[in-house]
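Engineer: Sharing a structure here in structure tokens format.
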Amino acid sequence: MSPFGAVSSCSHLCSGVWLLKPGMQKMSSLHTAARCAARDYYEVLVLGGGAGGIAMSARMKRKVGAENVAVVEPSKTHYYQPLWTLVGGGAKQLATSARPMGSVIPKGVEWIKSQVTALDPDKNCVWLENDFKVSYKYLIIALGISLHYEKIKGLPEGFNYPKIGSNYSVQTVEKTWRALQDFKEGNAIFTFPNTPVKCAGAPQKIMYLADAYLRKTGKRSKANIMFNTALGVIFGVKKYADALLEVIKDRDLTVNYKRNLIEVRADKQEAVFENLDKPGVTEVHQYEMLHVTPPMGPPAVLVNSPVSDEGGWVDVDKQTLQHKKYPNVFGIGDCTNLPTSKTAAAVAAQSGVLDKTISLVMKNEMPVKKYDGYTSCPLVTGYNKVILAEFDYNAQPLETFPIDQSKERATMYHMKADMMPLLYWNALLK
């Protein structure tokens, strides 16, 4: 896989107000040194060192003891990806989103620095690189989502050219900011692919920041800002969609629905879109700036795996997060087929439910705690404005604050930009 396809497992571009949700306040000490895998059996084996994997390994450490828990994760760095929207808009530095993986893995929990190559839930084991087998009593799958820039013709090699960036990859997020700074006049195009994505709000957040930046630098009158989305709506929850459409109207932004990016001709600064309502019909747009949201999908190891559904996503009960076929297997976050947005806020809510589920399963009891699909997406609409979307499985608002959260607010921006990173490192991961 190219480096553009590698993502920190189960990390996200969205974060919600999970500090206000129950079960998020417990803390633990920092892990000081990573160790190589020393054993071939663990009571709890966690696959993935992203938000979901680290949160659950911390919870399992308290439940069964650190020596009985292991995390499989090849990456040396853990990223807080919700910050990348602001990095791409020039409001934050990339370095502030990164921590060494060893510093976030709970102290005493085994860090197996390897890649999962196969899952065998019928034999309660997984296979790692170099044909190393690790067995488990309980398995938690938190492998995140994979990026597929290569499914767009001309990428990822097109990122070697200027004027193009993507907030979804550590290799390309700073290129978004450079493209915005270098903008002179013409089309600024922002895309949303024809696949599931992590944080469905992120592809348009950078558009609002670009609009604000171009206004601030006096270039807005020379820009045609365009959001080409494969979806048929601007956002899946009507209350927030209506608010966003007002923002779009007020700022003279153009939205083209059912348009899917299929090719980038970076040498000519051309983006080719297919019209999903008219198969075979394509449109070519010249760009002065292009922000690409890549197609995404389940990690390769899950495709055609015994634990996955037909789409390759871990097949779990949407209320308990227990696997539908294997009672000692559980899933959390982006790699699952839970019918909700893939965000850090969703992981935070899921981790509390999954903790209760596993506790009861360990006692041979039926899980009772039910996940309602809660997720959150702080929709950044400017350098000091956020619409805080919170909702459930039924796309109904599930709001925390006694205010109209569909209104743009500076307080919500500061929560997104300043408070959430602190809570992520010091609460969710602990």
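In the structure tokens, chains take letters A, B, ... by order of appearance, with residues numbered from 1 within each chain and ligands from 1 in the order shown.
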List the neighbours of Asp334 in chain A out to 8 Å using only C-alpha atoms; skip same-chain residues closer than 5 positions along the sequence, and give me the result as a VMD selection string.

Structural biologist: chain A and resid 10 142 to 145 198 342 to 343

Engineer: What does the file look like for those residues with C-alpha atoms, as a PDB file, in the first residue's frame?

Structural biologist:
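So part-v4.pdb came out as:
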ATOM      1  CA  CYS A  10      -9.650   4.059  14.029  1.00  0.00           C
ATOM      2  CA  ALA A 142     -10.522  -1.480  16.017  1.00  0.00           C
ATOM      3  CA  LEU A 143      -8.687  -1.413  12.684  1.00  0.00           C
ATOM      4  CA  GLY A 144     -10.097   1.832  11.357  1.00  0.00           C
ATOM      5  CA  ILE A 145     -10.725   2.656   7.717  1.00  0.00           C
ATOM      6  CA  LYS A 198     -14.760   9.124   8.190  1.00  0.00           C
ATOM      7  CA  LYS A 342     -17.487   7.375  11.581  1.00  0.00           C
ATOM      8  CA  THR A 343     -16.158   9.911  14.095  1.00  0.00           C
TER       9      THR A 343
END

Engineer: Please list as number ranges by chain every residue within 7 Å of range 209-212 of chain A, counting only C-alpha atoms and excluding residues in the same chain fewer than 4 positions away.

Structural biologist: A: 89, 180, 205, 216, 220, 381-383

Engineer: Excluding Ala395 in chain A and residues on its chain fewer than 3 positions from it, collect all residues at most 12 Å away from it, counting only C-alpha atoms, and give them as JSON, numbers by chain.

Structural biologist: {"A": [235, 236, 237, 238, 239, 240, 241, 339, 340, 341, 372, 373, 374, 375, 376, 389, 390, 391, 392, 398, 399]}

Engineer: In terms of the shortest atom-to-atom distance over only C-alpha atoms, which of A:Val284, A:Val329, A:Met366, A:Val109 is closest to Val272 in chain A?

Structural biologist: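 When distances to Val272 in chain A are compared using only C-alpha atoms, the smallest one comes from A:Val284.
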
Engineer: Can you pull out every residue within 12 Å of Val233 in chain A, counting only C-alpha atoms, but drop anything in the same chain fewer than 5 positions away, and send it as a PDB file with all heavy atoms, in the first residue's frame?

Structural biologist:
ATOM      1  N   PHE A 192     -16.265  15.151  -2.398  1.00  0.00           N
ATOM      2  CA  PHE A 192     -16.780  14.124  -1.481  1.00  0.00           C
ATOM      3  C   PHE A 192     -17.010  12.865  -2.323  1.00  0.00           C
ATOM      4  O   PHE A 192     -17.728  12.913  -3.312  1.00  0.00           O
ATOM      5  CB  PHE A 192     -18.097  14.594  -0.850  1.00  0.00           C
ATOM      6  CG  PHE A 192     -18.591  13.722   0.287  1.00  0.00           C
ATOM      7  CD1 PHE A 192     -18.594  14.204   1.591  1.00  0.00           C
ATOM      8  CD2 PHE A 192     -19.044  12.421   0.069  1.00  0.00           C
ATOM      9  CE1 PHE A 192     -19.048  13.406   2.649  1.00  0.00           C
ATOM     10  CE2 PHE A 192     -19.491  11.624   1.115  1.00  0.00           C
ATOM     11  CZ  PHE A 192     -19.495  12.123   2.410  1.00  0.00           C
ATOM     12  N   ALA A 200     -18.167  12.728   7.838  1.00  0.00           N
ATOM     13  CA  ALA A 200     -18.810  13.199   6.611  1.00  0.00           C
ATOM     14  C   ALA A 200     -18.852  14.716   6.509  1.00  0.00           C
ATOM     15  O   ALA A 200     -19.115  15.253   5.437  1.00  0.00           O
ATOM     16  CB  ALA A 200     -20.224  12.631   6.531  1.00  0.00           C
ATOM     17  N   GLY A 201     -18.586  15.417   7.605  1.00  0.00           N
ATOM     18  CA  GLY A 201     -18.577  16.877   7.546  1.00  0.00           C
ATOM     19  C   GLY A 201     -17.256  17.455   7.084  1.00  0.00           C
ATOM     20  O   GLY A 201     -17.202  18.571   6.544  1.00  0.00           O
ATOM     21  N   PHE A 227     -18.290  22.891  -4.306  1.00  0.00           N
ATOM     22  CA  PHE A 227     -18.300  21.625  -3.568  1.00  0.00           C
ATOM     23  C   PHE A 227     -18.978  20.584  -4.446  1.00  0.00           C
ATOM     24  O   PHE A 227     -20.187  20.644  -4.684  1.00  0.00           O
ATOM     25  CB  PHE A 227     -19.050  21.791  -2.240  1.00  0.00           C
ATOM     26  CG  PHE A 227     -19.009  20.577  -1.343  1.00  0.00           C
ATOM     27  CD1 PHE A 227     -17.796  20.020  -0.947  1.00  0.00           C
ATOM     28  CD2 PHE A 227     -20.180  20.009  -0.859  1.00  0.00           C
ATOM     29  CE1 PHE A 227     -17.762  18.920  -0.101  1.00  0.00           C
ATOM     30  CE2 PHE A 227     -20.150  18.905  -0.022  1.00  0.00           C
ATOM     31  CZ  PHE A 227     -18.936  18.362   0.365  1.00  0.00           C
ATOM     32  N   ASN A 228     -18.203  19.637  -4.953  1.00  0.00           N
ATOM     33  CA  ASN A 228     -18.735  18.565  -5.794  1.00  0.00           C
ATOM     34  C   ASN A 228     -18.841  17.300  -4.955  1.00  0.00           C
ATOM     35  O   ASN A 228     -17.832  16.682  -4.603  1.00  0.00           O
ATOM     36  CB  ASN A 228     -17.828  18.330  -7.004  1.00  0.00           C
ATOM     37  CG  ASN A 228     -18.062  19.343  -8.105  1.00  0.00           C
ATOM     38  OD1 ASN A 228     -18.745  20.343  -7.906  1.00  0.00           O
ATOM     39  ND2 ASN A 228     -17.500  19.111  -9.282  1.00  0.00           N
ATOM     40  N   LYS A 238     -31.353  16.766   8.772  1.00  0.00           N
ATOM     41  CA  LYS A 238     -32.026  17.916   8.166  1.00  0.00           C
ATOM     42  C   LYS A 238     -31.787  19.219   8.915  1.00  0.00           C
ATOM     43  O   LYS A 238     -31.561  20.269   8.296  1.00  0.00           O
ATOM     44  CB  LYS A 238     -33.527  17.648   8.046  1.00  0.00           C
ATOM     45  CG  LYS A 238     -34.274  18.734   7.270  1.00  0.00           C
ATOM     46  CD  LYS A 238     -35.747  18.437   7.146  1.00  0.00           C
ATOM     47  CE  LYS A 238     -36.441  19.462   6.251  1.00  0.00           C
ATOM     48  NZ  LYS A 238     -36.287  20.846   6.746  1.00  0.00           N
ATOM     49  N   TYR A 240     -29.279  20.338  10.598  1.00  0.00           N
ATOM     50  CA  TYR A 240     -27.970  20.914  10.318  1.00  0.00           C
ATOM     51  C   TYR A 240     -27.791  21.177   8.820  1.00  0.00           C
ATOM     52  O   TYR A 240     -27.106  22.126   8.441  1.00  0.00           O
ATOM     53  CB  TYR A 240     -26.871  20.006  10.859  1.00  0.00           C
ATOM     54  CG  TYR A 240     -27.080  19.652  12.310  1.00  0.00           C
ATOM     55  CD1 TYR A 240     -27.274  18.329  12.713  1.00  0.00           C
ATOM     56  CD2 TYR A 240     -27.128  20.646  13.285  1.00  0.00           C
ATOM     57  CE1 TYR A 240     -27.485  18.015  14.044  1.00  0.00           C
ATOM     58  CE2 TYR A 240     -27.345  20.333  14.626  1.00  0.00           C
ATOM     59  CZ  TYR A 240     -27.530  19.016  14.999  1.00  0.00           C
ATOM     60  OH  TYR A 240     -27.758  18.695  16.318  1.00  0.00           O
ATOM     61  N   ALA A 241     -28.407  20.346   7.998  1.00  0.00           N
ATOM     62  CA  ALA A 241     -28.353  20.574   6.553  1.00  0.00           C
ATOM     63  C   ALA A 241     -28.984  21.922   6.202  1.00  0.00           C
ATOM     64  O   ALA A 241     -28.441  22.691   5.397  1.00  0.00           O
ATOM     65  CB  ALA A 241     -29.061  19.445   5.809  1.00  0.00           C
ATOM     66  N   ASP A 242     -30.125  22.228   6.811  1.00  0.00           N
ATOM     67  CA  ASP A 242     -30.798  23.506   6.553  1.00  0.00           C
ATOM     68  C   ASP A 242     -29.892  24.672   6.946  1.00  0.00           C
ATOM     69  O   ASP A 242     -29.808  25.683   6.239  1.00  0.00           O
ATOM     70  CB  ASP A 242     -32.116  23.578   7.325  1.00  0.00           C
ATOM     71  CG  ASP A 242     -33.179  22.641   6.767  1.00  0.00           C
ATOM     72  OD1 ASP A 242     -32.992  22.143   5.640  1.00  0.00           O
ATOM     73  OD2 ASP A 242     -34.194  22.400   7.462  1.00  0.00           O
ATOM     74  N   LEU A 244     -26.590  24.645   7.125  1.00  0.00           N
ATOM     75  CA  LEU A 244     -25.458  24.703   6.195  1.00  0.00           C
ATOM     76  C   LEU A 244     -25.858  25.316   4.858  1.00  0.00           C
ATOM     77  O   LEU A 244     -25.081  26.065   4.252  1.00  0.00           O
ATOM     78  CB  LEU A 244     -24.879  23.301   5.992  1.00  0.00           C
ATOM     79  CG  LEU A 244     -24.168  22.700   7.207  1.00  0.00           C
ATOM     80  CD1 LEU A 244     -23.869  21.223   6.970  1.00  0.00           C
ATOM     81  CD2 LEU A 244     -22.880  23.463   7.523  1.00  0.00           C
ATOM     82  N   LEU A 245     -27.049  25.005   4.396  1.00  0.00           N
ATOM     83  CA  LEU A 245     -27.518  25.581   3.126  1.00  0.00           C
ATOM     84  C   LEU A 245     -27.644  27.099   3.229  1.00  0.00           C
ATOM     85  O   LEU A 245     -27.419  27.820   2.237  1.00  0.00           O
ATOM     86  CB  LEU A 245     -28.842  24.944   2.703  1.00  0.00           C
ATOM     87  CG  LEU A 245     -28.739  23.486   2.251  1.00  0.00           C
ATOM     88  CD1 LEU A 245     -30.126  22.893   2.025  1.00  0.00           C
ATOM     89  CD2 LEU A 245     -27.890  23.355   0.979  1.00  0.00           C
ATOM     90  N   VAL A 255     -22.739  24.305  -4.886  1.00  0.00           N
ATOM     91  CA  VAL A 255     -22.771  22.878  -4.560  1.00  0.00           C
ATOM     92  C   VAL A 255     -23.327  22.111  -5.758  1.00  0.00           C
ATOM     93  O   VAL A 255     -24.406  22.432  -6.266  1.00  0.00           O
ATOM     94  CB  VAL A 255     -23.637  22.594  -3.314  1.00  0.00           C
ATOM     95  CG1 VAL A 255     -23.667  21.093  -3.025  1.00  0.00           C
ATOM     96  CG2 VAL A 255     -23.101  23.354  -2.106  1.00  0.00           C
ATOM     97  N   ASN A 256     -22.574  21.126  -6.213  1.00  0.00           N
ATOM     98  CA  ASN A 256     -23.026  20.240  -7.288  1.00  0.00           C
ATOM     99  C   ASN A 256     -23.183  18.839  -6.707  1.00  0.00           C
ATOM    100  O   ASN A 256     -22.204  18.224  -6.289  1.00  0.00           O
ATOM    101  CB  ASN A 256     -22.012  20.223  -8.435  1.00  0.00           C
ATOM    102  CG  ASN A 256     -21.848  21.593  -9.078  1.00  0.00           C
ATOM    103  OD1 ASN A 256     -22.832  22.251  -9.396  1.00  0.00           O
ATOM    104  ND2 ASN A 256     -20.608  22.035  -9.257  1.00  0.00           N
ATOM    105  N   TYR A 257     -24.416  18.356  -6.678  1.00  0.00           N
ATOM    106  CA  TYR A 257     -24.695  17.038  -6.109  1.00  0.00           C
ATOM    107  C   TYR A 257     -24.484  15.936  -7.141  1.00  0.00           C
ATOM    108  O   TYR A 257     -24.493  16.167  -8.349  1.00  0.00           O
ATOM    109  CB  TYR A 257     -26.135  16.988  -5.591  1.00  0.00           C
ATOM    110  CG  TYR A 257     -26.431  17.978  -4.491  1.00  0.00           C
ATOM    111  CD1 TYR A 257     -27.160  19.139  -4.738  1.00  0.00           C
ATOM    112  CD2 TYR A 257     -25.961  17.761  -3.198  1.00  0.00           C
ATOM    113  CE1 TYR A 257     -27.430  20.052  -3.730  1.00  0.00           C
ATOM    114  CE2 TYR A 257     -26.218  18.665  -2.175  1.00  0.00           C
ATOM    115  CZ  TYR A 257     -26.945  19.812  -2.449  1.00  0.00           C
ATOM    116  OH  TYR A 257     -27.200  20.720  -1.449  1.00  0.00           O
ATOM    117  N   LYS A 258     -24.290  14.724  -6.625  1.00  0.00           N
ATOM    118  CA  LYS A 258     -24.140  13.520  -7.463  1.00  0.00           C
ATOM    119  C   LYS A 258     -22.973  13.654  -8.446  1.00  0.00           C
ATOM    120  O   LYS A 258     -23.060  13.232  -9.601  1.00  0.00           O
ATOM    121  CB  LYS A 258     -25.443  13.228  -8.221  1.00  0.00           C
ATOM    122  CG  LYS A 258     -26.622  12.886  -7.312  1.00  0.00           C
ATOM    123  CD  LYS A 258     -26.434  11.532  -6.658  1.00  0.00           C
ATOM    124  CE  LYS A 258     -27.680  11.096  -5.896  1.00  0.00           C
ATOM    125  NZ  LYS A 258     -27.550   9.708  -5.411  1.00  0.00           N
ATOM    126  N   ARG A 259     -21.884  14.274  -7.980  1.00  0.00           N
ATOM    127  CA  ARG A 259     -20.674  14.412  -8.787  1.00  0.00           C
ATOM    128  C   ARG A 259     -19.536  13.711  -8.063  1.00  0.00           C
ATOM    129  O   ARG A 259     -19.200  14.037  -6.925  1.00  0.00           O
ATOM    130  CB  ARG A 259     -20.308  15.882  -9.003  1.00  0.00           C
ATOM    131  CG  ARG A 259     -21.367  16.727  -9.724  1.00  0.00           C
ATOM    132  CD  ARG A 259     -21.616  16.219 -11.144  1.00  0.00           C
ATOM    133  NE  ARG A 259     -22.392  17.160 -11.945  1.00  0.00           N
ATOM    134  CZ  ARG A 259     -23.715  17.274 -11.931  1.00  0.00           C
ATOM    135  NH1 ARG A 259     -24.432  16.492 -11.113  1.00  0.00           N
ATOM    136  NH2 ARG A 259     -24.334  18.129 -12.710  1.00  0.00           N
TER     137      ARG A 259
END

Engineer: Pick the closest to Leu276 in chain A from A:Asn364, A:Leu139, A:Pro193, A:Leu47: which is it, counting only C-alpha atoms?

Structural biologist: A:Pro193

Engineer: Calculated over only C-alpha atoms, which of the candidates A:Gly311, A:Gly65, A:Gly154, A:Pro299 has the smallest distance to Thr117 in chain A?

Structural biologist: A:Pro299

Engineer: Please report, as a ChimeraX atom specification, each residue of range 143-275 of chain A to which DSSP assigns strand (DSSP E) when run on this structure's backbone.

Structural biologist: /A:146-147,164-165,186-192,223-229,254-257,259-265,270-275

Engineer: List as a PyMOL selection string the protein and nucleic acid residues near Glu174 in chain A, meaning an atom at most 8 Å away when only C-alpha atoms are counted, but skip any in the same chain fewer than 2 places from it.

Structural biologist: chain A and resi 87-88+94+165+167+170-172+176-178

Engineer: In Å, with one decimal, what is the gap from CA of Tyr326 in chain A to CA of Glu365 in chain A?

Structural biologist: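 One can read the CA of Tyr326 in chain A to CA of Glu365 in chain A distance as 15.0 Å.
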
Engineer: So that I can see what lies close to Ile140 in chain A, please list as a list in words the residues with an atom at most 10 Å from it, counting only C-alpha atoms and leaving out residues fewer than 5 positions away in the same chain.

Structural biologist: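 After dropping sequence-adjacent residues, the list is Val44, Leu45, Val46, Leu47, Gly48, Gly52, Gly53, Met56, Ser57, Val71, Leu321, Gln322, His323, Asn328, Val329, Phe330, Gly331, Ile332, Leu354 and Ile358 of chain A.
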
Engineer: Export N, CA, C and O atoms of the chosen residues as a CSV table (one decimal), in the first residue's frame?

Structural biologist:
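Output file part.csv is given in full below:
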chain,number,residue,atom,x,y,z
A,44,VAL,N,-7.2,-10.6,26.5
A,44,VAL,CA,-7.9,-9.6,25.6
A,44,VAL,C,-6.8,-9.2,24.6
A,44,VAL,O,-5.8,-8.6,24.9
A,45,LEU,N,-7.2,-9.3,23.3
A,45,LEU,CA,-6.3,-8.9,22.2
A,45,LEU,C,-7.0,-7.8,21.5
A,45,LEU,O,-8.2,-7.9,21.0
A,46,VAL,N,-6.4,-6.6,21.3
A,46,VAL,CA,-7.0,-5.5,20.6
A,46,VAL,C,-6.2,-5.3,19.3
A,46,VAL,O,-5.0,-5.1,19.3
A,47,LEU,N,-7.0,-5.2,18.2
A,47,LEU,CA,-6.4,-5.0,16.9
A,47,LEU,C,-6.6,-3.5,16.5
A,47,LEU,O,-7.7,-3.1,16.3
A,48,GLY,N,-5.5,-2.7,16.5
A,48,GLY,CA,-5.5,-1.3,16.2
A,48,GLY,C,-5.2,-0.4,17.3
A,48,GLY,O,-5.7,-0.5,18.4
A,52,GLY,N,-10.2,4.0,19.1
A,52,GLY,CA,-11.0,2.9,19.6
A,52,GLY,C,-10.1,1.9,20.3
A,52,GLY,O,-10.4,1.4,21.4
A,53,GLY,N,-9.0,1.5,19.6
A,53,GLY,CA,-8.1,0.5,20.2
A,53,GLY,C,-7.5,0.9,21.5
A,53,GLY,O,-7.4,0.2,22.4
A,56,MET,N,-10.1,1.2,24.4
A,56,MET,CA,-10.6,-0.1,24.9
A,56,MET,C,-9.4,-0.8,25.6
A,56,MET,O,-9.7,-1.5,26.6
A,57,SER,N,-8.2,-0.6,25.1
A,57,SER,CA,-7.1,-1.3,25.9
A,57,SER,C,-7.0,-0.7,27.3
A,57,SER,O,-6.7,-1.4,28.2
A,71,VAL,N,-2.0,-4.9,22.4
A,71,VAL,CA,-2.5,-4.1,21.3
A,71,VAL,C,-1.6,-4.4,20.1
A,71,VAL,O,-0.4,-4.3,20.2
A,321,LEU,N,-22.4,-3.9,20.1
A,321,LEU,CA,-21.1,-4.0,19.5
A,321,LEU,C,-20.5,-5.4,19.6
A,321,LEU,O,-19.3,-5.5,19.3
A,322,GLN,N,-21.3,-6.4,20.0
A,322,GLN,CA,-20.8,-7.7,20.0
A,322,GLN,C,-21.0,-8.3,18.6
A,322,GLN,O,-21.9,-8.0,17.9
A,323,HIS,N,-20.0,-9.2,18.2
A,323,HIS,CA,-20.1,-9.8,16.9
A,323,HIS,C,-21.4,-10.6,16.8
A,323,HIS,O,-21.8,-11.3,17.7
A,328,ASN,N,-17.3,-13.9,21.5
A,328,ASN,CA,-16.1,-13.4,22.2
A,328,ASN,C,-15.3,-12.4,21.3
A,328,ASN,O,-14.2,-12.0,21.6
A,329,VAL,N,-16.0,-11.9,20.2
A,329,VAL,CA,-15.4,-10.9,19.3
A,329,VAL,C,-16.2,-9.7,19.3
A,329,VAL,O,-17.5,-9.7,19.3
A,330,PHE,N,-15.6,-8.5,19.3
A,330,PHE,CA,-16.3,-7.2,19.4
A,330,PHE,C,-15.6,-6.3,18.4
A,330,PHE,O,-14.5,-6.4,18.0
A,331,GLY,N,-16.4,-5.2,18.0
A,331,GLY,CA,-15.8,-4.2,17.1
A,331,GLY,C,-16.2,-2.9,17.6
A,331,GLY,O,-17.2,-2.6,18.3
A,332,ILE,N,-15.3,-1.9,17.2
A,332,ILE,CA,-15.5,-0.5,17.6
A,332,ILE,C,-15.0,0.4,16.5
A,332,ILE,O,-14.0,0.1,15.9
A,354,LEU,N,-19.4,-0.7,24.9
A,354,LEU,CA,-18.6,-1.9,24.7
A,354,LEU,C,-18.0,-2.4,26.0
A,354,LEU,O,-17.9,-3.6,26.3
A,358,ILE,N,-18.7,-6.2,27.3
A,358,ILE,CA,-17.7,-7.2,27.5
A,358,ILE,C,-17.7,-7.6,29.0
A,358,ILE,O,-17.5,-8.8,29.3

Engineer: Could you pull out the alpha helix (DSSP H) residues of range 169-264 of chain A from DSSP and send them as an MDAnalysis selection string?

Structural biologist: chainID A and resid 173:181 202:216 238:250

Engineer: Just give me the gap between CA of Ala346 in chain A and CA of Asp404 in chain A in Å, one decimal is fine.

Structural biologist: 21.0 Å

Engineer: Nearest to Leu83 in chain A: which of A:Ile141, A:Ile248, A:Ala243, A:Ala98 is it, counting only C-alpha atoms?

Structural biologist: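 The answer is A:Ala98, which sits nearest to Leu83 in chain A.
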
Engineer: Neighbours of Trp127 in chain A within 9 Å (only C-alpha atoms; same-chain residues fewer than 6 positions away dropped), as a PyMOL selection string?

Structural biologist: chain A and resi 115-120+133-135

Engineer: Keeping only all heavy atoms, write the selected residues to a file as a PDB file, in the first residue's frame.

Structural biologist:
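Result file is out_23.pdb:
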ATOM      1  N   GLN A 115       1.666  -6.104  11.916  1.00  0.00           N
ATOM      2  CA  GLN A 115       0.452  -5.964  11.136  1.00  0.00           C
ATOM      3  C   GLN A 115      -0.348  -7.264  11.206  1.00  0.00           C
ATOM      4  O   GLN A 115       0.220  -8.359  11.150  1.00  0.00           O
ATOM      5  CB  GLN A 115       0.827  -5.695   9.669  1.00  0.00           C
ATOM      6  CG  GLN A 115      -0.329  -5.300   8.793  1.00  0.00           C
ATOM      7  CD  GLN A 115      -0.362  -3.806   8.518  1.00  0.00           C
ATOM      8  OE1 GLN A 115       0.637  -3.122   8.654  1.00  0.00           O
ATOM      9  NE2 GLN A 115      -1.512  -3.313   8.134  1.00  0.00           N
ATOM     10  N   VAL A 116      -1.666  -7.138  11.340  1.00  0.00           N
ATOM     11  CA  VAL A 116      -2.530  -8.320  11.284  1.00  0.00           C
ATOM     12  C   VAL A 116      -2.640  -8.761   9.830  1.00  0.00           C
ATOM     13  O   VAL A 116      -2.930  -7.955   8.950  1.00  0.00           O
ATOM     14  CB  VAL A 116      -3.936  -8.002  11.832  1.00  0.00           C
ATOM     15  CG1 VAL A 116      -4.793  -9.264  11.840  1.00  0.00           C
ATOM     16  CG2 VAL A 116      -3.855  -7.416  13.221  1.00  0.00           C
ATOM     17  N   THR A 117      -2.420 -10.046   9.572  1.00  0.00           N
ATOM     18  CA  THR A 117      -2.508 -10.550   8.200  1.00  0.00           C
ATOM     19  C   THR A 117      -3.715 -11.462   7.981  1.00  0.00           C
ATOM     20  O   THR A 117      -4.144 -11.652   6.845  1.00  0.00           O
ATOM     21  CB  THR A 117      -1.225 -11.307   7.812  1.00  0.00           C
ATOM     22  OG1 THR A 117      -1.028 -12.393   8.737  1.00  0.00           O
ATOM     23  CG2 THR A 117      -0.019 -10.382   7.848  1.00  0.00           C
ATOM     24  N   ALA A 118      -4.268 -12.024   9.058  1.00  0.00           N
ATOM     25  CA  ALA A 118      -5.448 -12.887   8.919  1.00  0.00           C
ATOM     26  C   ALA A 118      -6.118 -13.068  10.275  1.00  0.00           C
ATOM     27  O   ALA A 118      -5.458 -13.023  11.316  1.00  0.00           O
ATOM     28  CB  ALA A 118      -5.061 -14.257   8.343  1.00  0.00           C
ATOM     29  N   LEU A 119      -7.440 -13.271  10.228  1.00  0.00           N
ATOM     30  CA  LEU A 119      -8.202 -13.542  11.449  1.00  0.00           C
ATOM     31  C   LEU A 119      -8.835 -14.919  11.350  1.00  0.00           C
ATOM     32  O   LEU A 119      -9.391 -15.275  10.305  1.00  0.00           O
ATOM     33  CB  LEU A 119      -9.299 -12.492  11.650  1.00  0.00           C
ATOM     34  CG  LEU A 119      -8.867 -11.058  11.956  1.00  0.00           C
ATOM     35  CD1 LEU A 119      -8.601 -10.283  10.673  1.00  0.00           C
ATOM     36  CD2 LEU A 119      -9.922 -10.327  12.768  1.00  0.00           C
ATOM     37  N   ASP A 120      -8.732 -15.690  12.429  1.00  0.00           N
ATOM     38  CA  ASP A 120      -9.327 -17.028  12.473  1.00  0.00           C
ATOM     39  C   ASP A 120     -10.168 -17.148  13.746  1.00  0.00           C
ATOM     40  O   ASP A 120      -9.755 -17.764  14.739  1.00  0.00           O
ATOM     41  CB  ASP A 120      -8.236 -18.100  12.440  1.00  0.00           C
ATOM     42  CG  ASP A 120      -8.809 -19.499  12.244  1.00  0.00           C
ATOM     43  OD1 ASP A 120     -10.053 -19.654  12.339  1.00  0.00           O
ATOM     44  OD2 ASP A 120      -8.023 -20.439  12.005  1.00  0.00           O
ATOM     45  N   LYS A 133       1.514 -16.404  15.233  1.00  0.00           N
ATOM     46  CA  LYS A 133       0.129 -16.599  15.657  1.00  0.00           C
ATOM     47  C   LYS A 133      -0.049 -16.128  17.093  1.00  0.00           C
ATOM     48  O   LYS A 133       0.756 -16.455  17.973  1.00  0.00           O
ATOM     49  CB  LYS A 133      -0.269 -18.074  15.535  1.00  0.00           C
ATOM     50  CG  LYS A 133      -1.746 -18.330  15.881  1.00  0.00           C
ATOM     51  CD  LYS A 133      -2.130 -19.793  15.643  1.00  0.00           C
ATOM     52  CE  LYS A 133      -1.723 -20.640  16.827  1.00  0.00           C
ATOM     53  NZ  LYS A 133      -2.334 -22.002  16.780  1.00  0.00           N
ATOM     54  N   VAL A 134      -1.120 -15.360  17.323  1.00  0.00           N
ATOM     55  CA  VAL A 134      -1.470 -14.928  18.678  1.00  0.00           C
ATOM     56  C   VAL A 134      -2.906 -15.365  18.966  1.00  0.00           C
ATOM     57  O   VAL A 134      -3.821 -15.064  18.190  1.00  0.00           O
ATOM     58  CB  VAL A 134      -1.349 -13.406  18.847  1.00  0.00           C
ATOM     59  CG1 VAL A 134      -1.707 -13.002  20.270  1.00  0.00           C
ATOM     60  CG2 VAL A 134       0.063 -12.928  18.516  1.00  0.00           C
ATOM     61  N   SER A 135      -3.089 -16.063  20.067  1.00  0.00           N
ATOM     62  CA  SER A 135      -4.415 -16.525  20.458  1.00  0.00           C
ATOM     63  C   SER A 135      -5.005 -15.602  21.516  1.00  0.00           C
ATOM     64  O   SER A 135      -4.281 -14.837  22.167  1.00  0.00           O
ATOM     65  CB  SER A 135      -4.343 -17.955  20.999  1.00  0.00           C
ATOM     66  OG  SER A 135      -3.876 -18.832  19.997  1.00  0.00           O
TER      67      SER A 135
END

Engineer: Provide the CA of Ile234 in chain A to CA of Thr195 in chain A distance in Å, to one decimal place.

Structural biologist: 15.0 Å
